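Undergrad: The structure that follows is given in the form of structure tokens.
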Amino acid sequence: MSTEAQTVLLYTTLGCHLCDEAEALLAQVMPRGWTIEAIDIAEDDALIEQYGEIIPVVKIKQTELKWPFSLLDLHQAFR
């Protein structure tokens, strides 16, 4: 088992209520020891271009989930 910290990336921006919902879903299914790193896309033009119309986006390991996603989608991504 890896001792390296496991991080979920949450692409978000200030005032995004869907991002708040995504973070609440993550909190329900995230394995112990994992952390959420919120990345504000407004601070990077490339991220705005990539994610501006589809946030929230969650990246778990190599899986990227675009909104809307469910608890089941998140469970599967953590496997």
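Residue numbers start at 1 in each chain; chains themselves are named A, B, ... in the order of the structure tokens; ligands are numbered from 1 in the order shown.
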Mind checking which residues fall within 6 Å of segment 40-56 of chain A, counting only C-alpha atoms, ignoring those fewer than 4 positions away in the same chain, and posting them as a CSV table (one decimal) with N, CA and C atoms, in the first residue's frame?

TA:
chain,number,residue,atom,x,y,z
A,11,TYR,N,-11.7,21.2,-9.7
A,11,TYR,CA,-11.6,22.4,-10.4
A,11,TYR,C,-12.9,23.2,-10.2
A,12,THR,N,-12.7,24.5,-9.7
A,12,THR,CA,-13.8,25.2,-9.2
A,12,THR,C,-13.6,26.7,-9.5
A,13,THR,N,-14.5,27.6,-9.0
A,13,THR,CA,-14.2,29.0,-9.0
A,13,THR,C,-15.2,29.6,-7.9
A,19,CYS,N,-20.2,23.6,-7.6
A,19,CYS,CA,-18.9,23.2,-7.0
A,19,CYS,C,-19.0,22.8,-5.6
A,67,TRP,N,-19.3,17.6,-14.2
A,67,TRP,CA,-20.6,17.7,-13.7
A,67,TRP,C,-21.6,17.5,-14.8

Undergrad: So that I can check the surroundings of Arg32 of chain A, please list as a PyMOL selection string every protein, DNA and RNA residue that reaches within 12 Å of it, counting only C-alpha atoms and ignoring chain neighbours fewer than 6 positions away.

TA: chain A and resi 5-7+26+78

Undergrad: Near Leu65 of chain A, counting only C-alpha atoms, which residues have an atom at most 9 Å away, once you skip same-chain residues fewer than 6 positions from it, shown as number ranges by chain?

TA: A: 56-59, 73-74, 77

Undergrad: Go ahead and dump the residues you just picked, N, CA and C atoms, as an mmCIF file, in the first residue's frame.

TA:
data_model
loop_
_atom_site.group_PDB
_atom_site.id
_atom_site.type_symbol
_atom_site.label_atom_id
_atom_site.label_comp_id
_atom_site.auth_asym_id
_atom_site.auth_seq_id
_atom_site.Cartn_x
_atom_site.Cartn_y
_atom_site.Cartn_z
ATOM 1 N N PRO A 56 -18.245 22.028 -12.004
ATOM 2 C CA PRO A 56 -17.084 21.455 -11.353
ATOM 3 C C PRO A 56 -16.571 20.216 -12.081
ATOM 4 N N VAL A 57 -15.278 20.039 -12.019
ATOM 5 C CA VAL A 57 -14.614 18.852 -12.542
ATOM 6 C C VAL A 57 -13.773 18.283 -11.410
ATOM 7 N N VAL A 58 -13.868 16.974 -11.232
ATOM 8 C CA VAL A 58 -13.105 16.282 -10.197
ATOM 9 C C VAL A 58 -12.143 15.334 -10.880
ATOM 10 N N LYS A 59 -10.888 15.342 -10.427
ATOM 11 C CA LYS A 59 -9.905 14.390 -10.944
ATOM 12 C C LYS A 59 -9.461 13.501 -9.794
ATOM 13 N N ASP A 73 -20.669 7.363 -9.389
ATOM 14 C CA ASP A 73 -19.535 7.728 -10.245
ATOM 15 C C ASP A 73 -18.278 7.961 -9.399
ATOM 16 N N LEU A 74 -18.441 8.658 -8.283
ATOM 17 C CA LEU A 74 -17.305 8.931 -7.402
ATOM 18 C C LEU A 74 -16.766 7.647 -6.776
ATOM 19 N N ALA A 77 -14.686 5.851 -9.264
ATOM 20 C CA ALA A 77 -13.415 6.523 -9.541
ATOM 21 C C ALA A 77 -12.377 6.262 -8.448
#

Undergrad: To one decimal place, how far is atom CA of Glu21 of chain A from atom CA of Leu71 of chain A in Å?

TA: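 The value is 11.3 Å.
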
Undergrad: Please identify which residues in segment 7-50 of chain A DSSP calls strand (DSSP E or B) from the backbone, and express them as a list of chain:residue names.

TA: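 The residues of segment 7-50 of chain A classed as strand (DSSP E or B) are A:Thr7, A:Val8, A:Leu9, A:Leu10, A:Tyr11, A:Thr12, A:Trp34, A:Thr35, A:Ile36, A:Glu37, A:Ala38, A:Ile39, A:Asp40.
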
Undergrad: As number ranges by chain, list the residues of chain A assigned to helix (DSSP H, G or I) by DSSP on the backbone atoms of this structure.

TA: A: 17-29, 41-43, 45-51, 71-78

Undergrad: Would you mind listing what lies within 7 Å of Ile36 of chain A as a PDB file with N, CA and C atoms, in the first residue's frame, with only C-alpha atoms counted and same-chain residues fewer than 6 positions away left out?

TA:
ATOM      1  N   THR A   7      -4.686  12.737  -3.265  1.00  0.00           N
ATOM      2  CA  THR A   7      -5.353  14.026  -3.406  1.00  0.00           C
ATOM      3  C   THR A   7      -6.365  13.974  -4.539  1.00  0.00           C
ATOM      4  N   VAL A   8      -7.537  14.518  -4.269  1.00  0.00           N
ATOM      5  CA  VAL A   8      -8.571  14.715  -5.280  1.00  0.00           C
ATOM      6  C   VAL A   8      -8.461  16.165  -5.724  1.00  0.00           C
ATOM      7  N   LEU A   9      -8.397  16.382  -7.023  1.00  0.00           N
ATOM      8  CA  LEU A   9      -8.384  17.749  -7.544  1.00  0.00           C
ATOM      9  C   LEU A   9      -9.814  18.157  -7.860  1.00  0.00           C
ATOM     10  N   LEU A  10     -10.225  19.322  -7.380  1.00  0.00           N
ATOM     11  CA  LEU A  10     -11.553  19.864  -7.656  1.00  0.00           C
ATOM     12  C   LEU A  10     -11.369  21.195  -8.357  1.00  0.00           C
TER      13      LEU A  10
END
